[in-house]
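Shown below: upload-v3.cif, with mmCIF, C-alpha atoms and all ligand atoms.
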data_start
#
loop_
_atom_site.label_atom_id
_atom_site.label_comp_id
_atom_site.auth_asym_id
_atom_site.auth_seq_id
_atom_site.Cartn_x
_atom_site.Cartn_y
_atom_site.Cartn_z
CA MET R 459 0.00 0.00 0.00
CA HIS R 460 1.34 3.45 -0.98
CA VAL R 461 1.06 6.09 1.74
CA ASP R 462 1.81 9.72 0.87
CA PRO R 463 4.16 11.35 3.38
CA ALA R 464 2.54 13.78 5.85
CA PRO R 465 3.52 17.49 5.64
CA ALA R 466 5.62 17.12 8.81
CA THR R 467 7.72 14.45 7.07
CA TYR R 468 8.56 16.91 4.30
CA VAL R 469 9.46 19.58 6.88
CA GLY R 470 11.85 17.04 8.45
CA THR R 471 13.40 16.27 5.05
CA ILE R 472 13.86 19.99 4.37
CA LEU R 473 15.51 20.60 7.76
CA THR R 474 17.93 17.72 7.15
CA ALA R 475 18.73 19.19 3.72
CA VAL R 476 19.26 22.63 5.27
CA ARG R 477 21.69 21.27 7.87
CA SER R 478 23.77 19.69 5.10
CA PHE R 479 23.51 22.81 2.86
CA ASN R 480 21.75 20.80 0.15
CA GLN R 481 19.65 23.34 -1.72
CA MET R 482 18.72 20.90 -4.51
CA ARG R 483 17.24 18.55 -1.94
CA VAL R 484 15.07 21.35 -0.49
CA CYS R 485 13.67 22.07 -3.97
CA ALA R 486 13.21 18.35 -4.71
CA ALA R 487 11.23 17.89 -1.46
CA LEU R 488 9.02 20.86 -2.39
CA ASP R 489 8.45 19.45 -5.90
CA ASP R 490 7.45 16.13 -4.41
CA ALA R 491 5.15 17.72 -1.81
CA ASP R 492 3.49 19.87 -4.47
CA ALA R 493 2.86 16.80 -6.64
CA THR R 494 1.40 14.72 -3.78
CA LEU R 495 -0.29 17.29 -1.50
CA GLY R 496 -0.88 20.29 -3.79
CA LEU R 497 0.37 23.86 -3.80
CA ASP R 498 -1.79 25.27 -0.95
CA VAL R 499 -0.75 22.56 1.52
CA THR R 500 2.89 22.81 0.42
CA ILE R 501 2.93 26.50 1.30
CA ASP R 502 0.89 26.48 4.52
CA GLU R 503 1.98 23.18 6.00
CA ILE R 504 5.54 22.80 4.70
CA ILE R 505 7.14 26.09 3.60
CA PHE R 506 5.80 28.24 6.48
CA PRO R 507 6.52 25.69 9.25
CA ALA R 508 10.04 25.13 7.88
CA LEU R 509 10.65 28.91 7.92
CA ARG R 510 9.36 29.15 11.52
CA VAL R 511 11.56 26.29 12.73
CA VAL R 512 14.67 27.65 10.99
CA GLY R 513 13.86 31.17 12.32
CA THR R 514 13.62 29.82 15.87
CA PHE R 515 16.81 27.70 15.57
CA TRP R 516 18.63 30.68 14.09
CA SER R 517 17.60 33.03 16.94
CA SER R 518 18.56 30.42 19.56
CA GLY R 519 21.93 29.79 17.87
CA THR R 520 21.14 26.14 17.02
CA LEU R 521 21.50 26.96 13.31
CA ASP R 522 23.70 29.55 11.64
CA ILE R 523 22.32 32.49 9.65
CA ALA R 524 23.88 30.70 6.64
CA HIS R 525 21.33 27.87 7.08
CA GLU R 526 18.49 30.41 7.07
CA HIS R 527 19.91 32.09 3.95
CA LEU R 528 20.21 28.72 2.22
CA LEU R 529 16.57 27.86 3.00
CA SER R 530 15.32 31.33 1.96
CA SER R 531 17.10 31.28 -1.36
CA ALA R 532 16.06 27.66 -2.11
CA MET R 533 12.45 28.56 -1.38
CA ALA R 534 12.64 31.76 -3.43
CA ARG R 535 14.06 29.74 -6.32
CA TRP R 536 11.33 27.11 -6.00
CA VAL R 537 8.51 29.67 -5.80
CA ALA R 538 9.87 31.47 -8.90
CA SER R 539 10.14 28.25 -10.90
CA ARG R 540 6.63 27.18 -9.83
CA SER R 541 5.22 30.62 -10.81
CA ALA R 542 6.82 30.37 -14.25
CA VAL R 543 4.65 27.40 -15.25
CA LEU R 544 1.28 28.90 -14.27
CA PRO R 545 -1.19 30.03 -16.93
CA ALA R 546 -1.88 33.70 -17.68
CA PRO R 547 -4.42 35.45 -15.41
CA SER R 548 -8.07 34.80 -16.24
CA ARG R 549 -9.91 36.87 -13.62
CA ARG R 550 -10.65 40.61 -13.64
CA GLY R 551 -8.96 42.84 -11.08
CA THR R 552 -5.29 43.31 -10.20
CA VAL R 553 -3.92 42.83 -6.69
CA LEU R 554 -0.88 44.88 -5.64
CA LEU R 555 1.60 43.36 -3.16
CA ALA R 556 4.48 45.10 -1.39
CA ALA R 557 6.77 44.64 1.59
CA GLY R 558 7.02 47.48 4.12
CA PRO R 559 9.40 50.38 3.29
CA GLU R 560 12.25 48.87 5.32
CA ASP R 561 11.35 45.22 5.14
CA LEU R 562 13.50 42.59 3.43
CA HIS R 563 11.07 39.75 4.20
CA THR R 564 9.52 38.91 0.83
CA LEU R 565 9.07 35.14 0.94
CA ALA R 566 5.56 35.10 2.40
CA LEU R 567 4.54 37.82 -0.05
CA ASP R 568 5.92 35.74 -2.93
CA CYS R 569 3.99 32.71 -1.66
CA LEU R 570 0.77 34.74 -1.59
CA ASP R 571 1.61 35.95 -5.12
CA LEU R 572 1.96 32.31 -6.23
CA LEU R 573 -1.35 31.25 -4.65
CA LEU R 574 -3.21 34.21 -6.18
CA VAL R 575 -1.76 33.55 -9.64
CA SER R 576 -2.67 29.86 -9.28
CA ARG R 577 -6.28 31.05 -8.83
CA GLY R 578 -6.16 33.07 -12.08
CA VAL R 579 -5.56 36.45 -10.40
CA GLU R 580 -3.33 39.12 -11.93
CA VAL R 581 -0.71 40.24 -9.39
CA CYS R 582 1.73 43.13 -9.34
CA ASN R 583 4.39 42.40 -6.71
CA LEU R 584 6.68 45.34 -5.82
CA GLY R 585 8.78 43.21 -3.45
CA ALA R 586 11.16 44.35 -0.71
CA GLN R 587 11.54 47.81 0.83
CA THR R 588 8.84 49.67 -1.10
CA PRO R 589 8.85 53.37 -0.07
CA VAL R 590 5.42 54.84 0.74
CA ALA R 591 5.69 57.47 -2.03
CA SER R 592 6.55 54.78 -4.61
CA LEU R 593 3.69 52.62 -3.42
CA LEU R 594 1.35 55.53 -4.09
CA VAL R 595 2.82 56.01 -7.58
CA ALA R 596 2.06 52.34 -8.34
CA VAL R 597 -1.42 52.50 -6.83
CA ARG R 598 -2.42 55.59 -8.84
CA SER R 599 -1.18 54.09 -12.07
CA LEU R 600 -2.48 50.55 -11.59
CA HIS R 601 -5.80 51.14 -9.76
CA PRO R 602 -5.56 47.77 -8.01
CA THR R 603 -8.72 46.18 -6.62
CA ALA R 604 -6.81 45.41 -3.39
CA VAL R 605 -3.39 46.07 -1.84
CA VAL R 606 -1.51 43.81 0.61
CA ILE R 607 1.35 45.18 2.74
CA CYS R 608 3.58 42.64 4.43
CA SER R 609 6.09 43.23 7.24
CA HIS R 610 7.84 40.81 9.60
CA THR R 611 10.25 43.12 11.39
CA PRO R 612 8.74 44.84 14.45
CA THR R 613 11.69 47.26 14.60
CA VAL R 614 10.66 48.65 11.21
CA ALA R 615 6.91 48.40 11.79
CA SER R 616 6.23 52.17 11.82
CA PRO R 617 6.95 52.78 8.13
CA ALA R 618 4.91 49.68 7.26
CA VAL R 619 2.01 51.07 9.28
CA ARG R 620 2.40 54.37 7.39
CA ALA R 621 2.18 52.45 4.12
CA VAL R 622 -1.11 50.85 5.19
CA ARG R 623 -2.54 54.25 6.20
CA ALA R 624 -1.42 55.89 2.94
CA ILE R 625 -3.17 53.25 0.84
CA ALA R 626 -6.36 53.58 2.88
CA ASP R 627 -6.22 57.41 2.59
CA ALA R 628 -5.85 57.02 -1.19
CA GLY R 629 -9.17 55.14 -1.12
CA PHE R 630 -8.04 51.60 -1.93
CA PRO R 631 -8.91 48.42 0.01
CA VAL R 632 -5.84 47.49 2.05
CA TYR R 633 -4.80 44.32 3.89
CA PHE R 634 -1.77 43.77 6.12
CA ALA R 635 0.12 40.63 7.11
CA GLY R 636 3.11 39.60 9.20
CA SER R 637 4.30 39.94 12.77
CA SER R 638 4.96 43.72 12.52
CA PHE R 639 1.21 44.27 12.65
CA SER R 640 0.48 42.27 15.78
CA SER R 641 0.10 45.36 18.03
CA GLN R 642 -3.48 45.68 19.30
CA PHE R 643 -3.08 49.48 19.40
CA PHE R 644 -2.32 49.55 15.68
CA ARG R 645 -5.17 47.19 14.91
CA GLN R 646 -7.72 49.24 16.85
CA ASN R 647 -6.60 52.59 15.44
CA SER R 648 -5.82 51.81 11.86
CA PRO R 649 -7.60 51.12 8.65
CA GLY R 650 -7.00 47.91 6.79
CA VAL R 651 -7.89 44.27 7.29
CA PRO R 652 -5.50 41.80 8.94
CA LEU R 653 -4.60 38.58 7.15
CA ASP R 654 -4.04 36.32 10.14
CA GLY R 655 -5.12 32.97 8.78
CA THR R 656 -3.39 30.57 6.46
CA LEU R 657 -2.11 31.78 3.11
CA GLN R 658 -4.71 29.60 1.42
CA GLU R 659 -7.48 31.42 3.34
CA SER R 660 -5.95 34.81 2.50
CA ALA R 661 -5.67 33.95 -1.20
CA ASP R 662 -9.29 32.70 -1.30
CA LEU R 663 -10.58 35.79 0.52
CA ILE R 664 -8.78 38.26 -1.76
CA THR R 665 -9.69 36.32 -4.91
CA HIS R 666 -13.39 36.22 -4.07
CA ARG R 667 -13.73 39.74 -2.65
CA HIS R 668 -11.57 41.63 -5.11
CA THR R 669 -11.55 39.84 -8.44
CA THR R 670 -14.28 38.51 -10.71
CA PRO R 671 -14.32 35.38 -12.84
CA PRO R 672 -14.00 35.61 -16.61
CA PRO R 673 -17.32 36.07 -18.42
CA GLU R 674 -19.02 32.81 -19.45
CA PRO R 675 -18.70 32.17 -23.20
CA ALA R 676 -22.07 32.97 -24.86
CA VAL R 677 -23.86 29.65 -25.41
CA LEU R 678 -26.50 29.39 -28.10
CA PRO R 679 -29.02 26.59 -27.35
CA ARG R 680 -28.51 23.74 -29.84
CA ALA R 681 -32.03 23.83 -31.36
CA ARG R 682 -31.90 27.59 -31.96
CA PHE R 683 -28.42 27.23 -33.44
CA ARG R 684 -29.65 24.59 -35.93
CA GLN R 685 -32.69 26.75 -36.88
CA SER R 686 -30.49 29.78 -37.52
CA VAL R 687 -28.11 27.70 -39.71
CA VAL R 688 -31.06 26.27 -41.76
CA ALA R 689 -32.67 29.72 -42.14
CA SER R 690 -29.45 31.25 -43.41
CA ALA R 691 -28.79 28.36 -45.91
C1 LIG H 701 13.53 34.28 6.04
C2 LIG H 701 13.78 35.30 7.12
C3 LIG H 701 14.65 36.37 6.86
C4 LIG H 701 15.28 36.59 5.50
C5 LIG H 701 14.18 37.08 4.53
C6 LIG H 701 14.41 36.55 3.14
C7 LIG H 701 13.22 36.83 2.27
N1 LIG H 701 13.51 37.01 1.01
O1 LIG H 701 12.09 36.85 2.69
C8 LIG H 701 16.35 37.66 5.81
C9 LIG H 701 17.71 36.99 6.02
C10 LIG H 701 16.53 38.76 4.77
C11 LIG H 701 15.90 38.18 7.15
C12 LIG H 701 16.36 39.38 7.67
C13 LIG H 701 16.05 39.81 8.94
N2 LIG H 701 15.31 39.16 9.86
CO1 LIG H 701 14.21 37.60 9.45
N3 LIG H 701 13.32 35.97 9.35
C14 LIG H 701 13.12 35.16 8.37
C15 LIG H 701 12.19 34.01 8.81
C16 LIG H 701 13.03 32.76 9.02
C17 LIG H 701 11.02 33.73 7.87
C18 LIG H 701 10.20 35.00 7.52
C19 LIG H 701 8.90 34.64 6.88
O2 LIG H 701 8.80 34.54 5.65
N4 LIG H 701 7.85 34.38 7.69
C20 LIG H 701 6.54 33.94 7.22
C21 LIG H 701 5.84 33.13 8.32
C22 LIG H 701 6.63 31.83 8.53
O3 LIG H 701 5.78 33.93 9.48
P1 LIG H 701 4.64 33.80 10.64
O4 LIG H 701 4.85 34.97 11.54
O5 LIG H 701 4.64 32.48 11.24
O6 LIG H 701 3.30 33.99 9.79
C23 LIG H 701 1.98 33.91 10.27
C24 LIG H 701 1.18 35.18 10.13
O7 LIG H 701 1.90 36.33 10.43
C25 LIG H 701 0.69 35.15 8.72
N5 LIG H 701 1.56 35.75 7.73
C26 LIG H 701 2.83 36.03 7.83
N6 LIG H 701 3.27 36.55 6.73
C27 LIG H 701 2.27 36.64 5.89
C28 LIG H 701 2.23 37.15 4.62
C29 LIG H 701 1.05 37.12 3.94
C30 LIG H 701 1.03 37.70 2.58
C31 LIG H 701 -0.08 36.55 4.55
C32 LIG H 701 -1.32 36.51 3.80
C33 LIG H 701 -0.04 36.05 5.84
C34 LIG H 701 1.16 36.11 6.51
O8 LIG H 701 0.64 33.81 8.40
C35 LIG H 701 1.20 33.02 9.40
C36 LIG H 701 0.09 32.36 10.14
O9 LIG H 701 -0.43 31.29 9.40
C37 LIG H 701 11.60 34.59 10.14
C38 LIG H 701 11.11 33.55 11.14
C39 LIG H 701 9.58 33.61 11.27
N7 LIG H 701 9.05 32.91 12.24
O10 LIG H 701 8.88 34.25 10.54
C40 LIG H 701 12.72 35.53 10.60
C41 LIG H 701 12.36 36.75 11.45
C42 LIG H 701 11.07 37.39 10.98
N8 LIG H 701 13.47 37.66 11.19
C43 LIG H 701 13.84 38.32 12.24
C44 LIG H 701 14.87 39.30 12.27
C45 LIG H 701 15.27 39.83 13.63
C46 LIG H 701 15.51 39.73 11.10
C47 LIG H 701 16.58 40.82 10.98
C48 LIG H 701 16.31 42.08 11.81
C49 LIG H 701 17.91 40.17 11.34
C50 LIG H 701 19.10 41.12 11.32
N9 LIG H 701 19.62 41.38 12.50
O11 LIG H 701 19.51 41.59 10.28
C51 LIG H 701 16.57 41.11 9.48
C52 LIG H 701 15.55 42.21 9.12
C53 LIG H 701 15.85 42.80 7.80
C54 LIG H 701 14.76 43.75 7.39
N10 LIG H 701 15.03 45.04 7.46
O12 LIG H 701 13.69 43.33 7.03
C55 LIG H 701 13.04 37.92 13.45
C56 LIG H 701 12.02 38.99 13.86
C57 LIG H 701 12.04 39.09 15.37
C58 LIG H 701 10.81 39.66 15.96
N11 LIG H 701 9.61 39.19 15.58
O13 LIG H 701 10.94 40.44 16.81
C59 LIG H 701 12.42 36.56 13.02
C60 LIG H 701 11.05 36.22 13.63
C61 LIG H 701 13.46 35.45 13.38
C62 LIG H 701 13.57 35.22 14.87
N12 LIG H 701 13.02 34.14 15.37
O14 LIG H 701 14.16 35.97 15.56
N13 LIG H 701 14.99 37.35 7.73
#

Translate the structure of the given file into structure tokens.
Amino acid sequence: MHVDPAPATYVGTILTAVRSFNQMRVCAALDDADATLGLDVTIDEIIFPALRVVGTFWSSGTLDIAHEHLLSSAMARWVASRSAVLPAPSRRGTVLLAAGPEDLHTLALDCLDLLLVSRGVEVCNLGAQTPVASLLVAVRSLHPTAVVICSHTPTVASPAVRAVRAIADAGFPVYFAGSSFSSQFFRQNSPGVPLDGTLQESADLITHRHTTPPPEPAVLPRARFRQSVVASA
């Protein structure tokens, strides 16, 4: 009997690969997980937990920063290669993604990008360290149906909070994600909607609230089609 490995087994495989600096093995484990468990599960139950474990081991000194860099770049490479094989967007509405003005943490944003594109959504991803003024330039040109600001560094949370406020003031729906936005004071006094759930939930919510499916192809009932062909003959 064939039993597919559980997500935790893949996380274990990835951590072993990270310890031995084997980037190819990280990507191979992600390919295998994607093929057996699907993209949403691979991101929420394998990529995110692996990042959390490596982040914790790095801060406690159990792993070196080099291990974290190896995992980050392997994951970035895998996400980019997975994005490259997705079909063109089919839904109406563009979603704008950006990291906070001083934030280098882009991986979660890139994972959300991948999940949105896999649902047929058009995404414009500005990536790391997007200044507030530049964010506004993009917003005014693109007219996105929603904007997501992501920040994971509490020490640089203030500029990220300013980015959220600026988007709301410009009149666009704005969401925020990441540990920089965990302050209750910010949440109670600021516009914007938190994305606290899984990435799959966030991608579903944004897709359904802020984009629309492609129009149905016009279908002519068969009998009427035949009549119109006969009449025109
Ligand atoms: C990878 C990484 C890096 C990489 C980033 C590479 C890249 N391209 O993204 C690099 C090396 C650049 C980096 C740098 C730094 N990092 Co760093 N990093 C991480 C790590 C390991 C993963 C970050 C990540 O992607 N998290 C995503 C998920 C795993 O985070 P989560 O909080 O569990 O997410 C939940 C929710 O917040 C939500 N969510 C989170 N993000 C998102 C995004 C979206 C779009 C959605 C919808 C939902 C969502 O979903 C989850 C719940 O299901 C984390 C560890 C961690 N636990 O996050 C540290 C971490 C965030 N980094 C940390 C630190 C301190 C730094 C540095 C300051 C280190 C330094 N001294 O230079 C710098 C900051 C640089 C800067 N100005 O931004 C600390 C932050 C400490 C804190 N909270 O107080 C952490 C927590 C590590 C730690 N344990 O100490 N980092």

Nearby polymer residues, ligand LIG 701 (chain H), at most 6 Å, all atoms listed in the file, as a PyMOL selection string: chain R and resi 506+509-510+512-514+517+527+530+560-567+570+608+610-612+635-637+653-657+660

What are the nearest atom pairs, with distances in Å to one decimal, for all residues of segment 599-653 of chain R that come at most 7 Å from segment 541-557 of chain R, using all atoms listed in the file, set out by chain and rising residue number as CSV?
residue,atom,partner,partner_atom,distance
R:Pro602,CA,R:Thr552,CA,5.0
R:Thr603,CA,R:Gly551,CA,5.6
R:Ala604,CA,R:Val553,CA,5.1
R:Val605,CA,R:Leu554,CA,4.7
R:Val606,CA,R:Leu555,CA,4.9
R:Ile607,CA,R:Ala556,CA,5.2
R:Cys608,CA,R:Ala557,CA,4.7
R:Ser609,CA,R:Ala557,CA,5.9

Counting only C-alpha atoms, I want the residues whose atoms come within 12 Å of (6.1, 12.7, 4.2) in the file frame, returned as a PyMOL selection string. chain R and resi 460-472+487-488+490-492+494-495+500+503-504

Calculated over only C-alpha atoms, which of the candidates R:Phe644, R:Phe639, R:Tyr633, R:Phe515 has the smallest distance to Leu663 of chain R? R:Tyr633

Could you check which of R:Thr670, R:Ala628, R:Ile523, R:Ser531 is closest to Val595 of chain R, using all atoms listed in the file?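 Among R:Thr670, R:Ala628, R:Ile523, R:Ser531, it is R:Ala628 that comes nearest to Val595 of chain R.
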
Determine, counting all atoms listed in the file, which protein, DNA and RNA residues have an atom within 10 Å of an atom of Ala621 of chain R; residues of the same chain fewer than 2 positions away are not included. Present the result as a list in words.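 In the requested format, the answer is Ala556, Ala557, Gly558, Pro559, Thr588, Pro589, Val590, Ala591, Leu593, Leu594, Ile607, Cys608, Ala615, Ser616, Pro617, Ala618, Val619, Arg623, Ala624, Ile625, Ala626, Asp627, Val632 and Phe634 of chain R.
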
Just how far from atom CA of His525 of chain R is atom CA of Val476 of chain R, in Å to one decimal? 5.9 Å

What gap, in Å, lies between atom CA of Gly650 of chain R and atom CA of Pro671 of chain R?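 Separating atom CA of Gly650 of chain R from atom CA of Pro671 of chain R is a distance of 24.4 Å.
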
Atom CA of Ser539 of chain R and atom CA of Phe479 of chain R, how far apart in Å?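 Those two atoms sit 19.9 Å apart.
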
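Distance check against Ser478 of chain R using all atoms listed in the file: of R:Trp516, R:Asn647, R:Ile501, R:Leu529, the minimum falls on R:Leu529.
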
Excluding Asp489 of chain R and any residue of its chain fewer than 6 positions from it, enumerate the residues within 10 Å of it, using all atoms listed in the file, and give them as a list in words. Arg483, Gly496, Leu497, Thr500, Trp536 and Arg540 of chain R

Selected residues written out with C-alpha atoms, as a PDB file, in the frame of the given file:
ATOM      1  CA  ARG R 483      17.240  18.550  -1.940  1.00  0.00           C
ATOM      2  CA  GLY R 496      -0.880  20.290  -3.790  1.00  0.00           C
ATOM      3  CA  LEU R 497       0.370  23.860  -3.800  1.00  0.00           C
ATOM      4  CA  THR R 500       2.890  22.810   0.420  1.00  0.00           C
ATOM      5  CA  TRP R 536      11.330  27.110  -6.000  1.00  0.00           C
ATOM      6  CA  ARG R 540       6.630  27.180  -9.830  1.00  0.00           C
TER       7      ARG R 540
END

Nearest to Thr520 of chain R, chosen from R:Ala534, R:Arg477, R:Val484, R:Pro631, with only C-alpha atoms counted in the distances: R:Arg477

Can you take the partial segment 482-492 of chain R, add all heavy atoms, and return it as a JSON list (two decimals), in the coordinates of the input?
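Saved result, out30.json, follows:
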[["chain", "number", "residue", "atom", "x", "y", "z"],
["R", 482, "MET", "N", 19.46, 21.70, -3.52],
["R", 482, "MET", "CA", 18.72, 20.90, -4.51],
["R", 482, "MET", "C", 17.71, 19.99, -3.82],
["R", 482, "MET", "O", 16.62, 19.75, -4.31],
["R", 482, "MET", "CB", 19.68, 20.05, -5.34],
["R", 482, "MET", "CG", 20.58, 20.91, -6.17],
["R", 482, "MET", "SD", 20.56, 20.58, -7.90],
["R", 482, "MET", "CE", 20.59, 18.87, -8.12],
["R", 483, "ARG", "N", 18.11, 19.47, -2.66],
["R", 483, "ARG", "CA", 17.24, 18.55, -1.94],
["R", 483, "ARG", "C", 16.02, 19.29, -1.39],
["R", 483, "ARG", "O", 14.92, 18.76, -1.32],
["R", 483, "ARG", "CB", 18.06, 17.89, -0.82],
["R", 483, "ARG", "CG", 17.39, 16.74, -0.20],
["R", 483, "ARG", "CD", 18.27, 15.48, -0.10],
["R", 483, "ARG", "NE", 17.40, 14.39, 0.30],
["R", 483, "ARG", "CZ", 17.31, 13.96, 1.55],
["R", 483, "ARG", "NH1", 18.06, 14.48, 2.48],
["R", 483, "ARG", "NH2", 16.47, 13.00, 1.85],
["R", 484, "VAL", "N", 16.21, 20.55, -0.97],
["R", 484, "VAL", "CA", 15.07, 21.35, -0.49],
["R", 484, "VAL", "C", 14.06, 21.49, -1.63],
["R", 484, "VAL", "O", 12.86, 21.24, -1.47],
["R", 484, "VAL", "CB", 15.53, 22.76, -0.02],
["R", 484, "VAL", "CG1", 14.33, 23.63, 0.33],
["R", 484, "VAL", "CG2", 16.47, 22.66, 1.18],
["R", 485, "CYS", "N", 14.56, 21.86, -2.82],
["R", 485, "CYS", "CA", 13.67, 22.07, -3.97],
["R", 485, "CYS", "C", 13.01, 20.75, -4.38],
["R", 485, "CYS", "O", 11.82, 20.73, -4.72],
["R", 485, "CYS", "CB", 14.43, 22.69, -5.14],
["R", 485, "CYS", "SG", 14.93, 24.38, -4.80],
["R", 486, "ALA", "N", 13.77, 19.65, -4.33],
["R", 486, "ALA", "CA", 13.21, 18.35, -4.71],
["R", 486, "ALA", "C", 12.08, 17.96, -3.75],
["R", 486, "ALA", "O", 11.03, 17.44, -4.16],
["R", 486, "ALA", "CB", 14.30, 17.29, -4.73],
["R", 487, "ALA", "N", 12.28, 18.22, -2.45],
["R", 487, "ALA", "CA", 11.23, 17.89, -1.46],
["R", 487, "ALA", "C", 9.97, 18.73, -1.73],
["R", 487, "ALA", "O", 8.84, 18.24, -1.63],
["R", 487, "ALA", "CB", 11.75, 18.15, -0.04],
["R", 488, "LEU", "N", 10.17, 19.99, -2.10],
["R", 488, "LEU", "CA", 9.02, 20.86, -2.39],
["R", 488, "LEU", "C", 8.30, 20.40, -3.66],
["R", 488, "LEU", "O", 7.06, 20.39, -3.72],
["R", 488, "LEU", "CB", 9.45, 22.33, -2.50],
["R", 488, "LEU", "CG", 9.96, 22.95, -1.19],
["R", 488, "LEU", "CD1", 10.49, 24.36, -1.43],
["R", 488, "LEU", "CD2", 8.84, 22.98, -0.14],
["R", 489, "ASP", "N", 9.07, 19.98, -4.67],
["R", 489, "ASP", "CA", 8.45, 19.45, -5.90],
["R", 489, "ASP", "C", 7.59, 18.23, -5.57],
["R", 489, "ASP", "O", 6.46, 18.10, -6.03],
["R", 489, "ASP", "CB", 9.53, 18.99, -6.90],
["R", 489, "ASP", "CG", 10.12, 20.14, -7.69],
["R", 489, "ASP", "OD1", 9.46, 21.20, -7.78],
["R", 489, "ASP", "OD2", 11.24, 19.98, -8.23],
["R", 490, "ASP", "N", 8.16, 17.36, -4.75],
["R", 490, "ASP", "CA", 7.45, 16.13, -4.41],
["R", 490, "ASP", "C", 6.18, 16.44, -3.59],
["R", 490, "ASP", "O", 5.11, 15.89, -3.85],
["R", 490, "ASP", "CB", 8.43, 15.26, -3.59],
["R", 490, "ASP", "CG", 7.97, 13.82, -3.54],
["R", 490, "ASP", "OD1", 7.47, 13.36, -4.58],
["R", 490, "ASP", "OD2", 8.07, 13.20, -2.47],
["R", 491, "ALA", "N", 6.31, 17.35, -2.65],
["R", 491, "ALA", "CA", 5.15, 17.72, -1.81],
["R", 491, "ALA", "C", 4.06, 18.34, -2.67],
["R", 491, "ALA", "O", 2.87, 18.02, -2.52],
["R", 491, "ALA", "CB", 5.60, 18.72, -0.74],
["R", 492, "ASP", "N", 4.46, 19.21, -3.59],
["R", 492, "ASP", "CA", 3.49, 19.87, -4.47],
["R", 492, "ASP", "C", 2.73, 18.83, -5.29],
["R", 492, "ASP", "O", 1.50, 18.89, -5.44],
["R", 492, "ASP", "CB", 4.28, 20.84, -5.38],
["R", 492, "ASP", "CG", 3.40, 21.63, -6.32],
["R", 492, "ASP", "OD1", 2.20, 21.78, -6.02],
["R", 492, "ASP", "OD2", 3.91, 22.10, -7.35]]
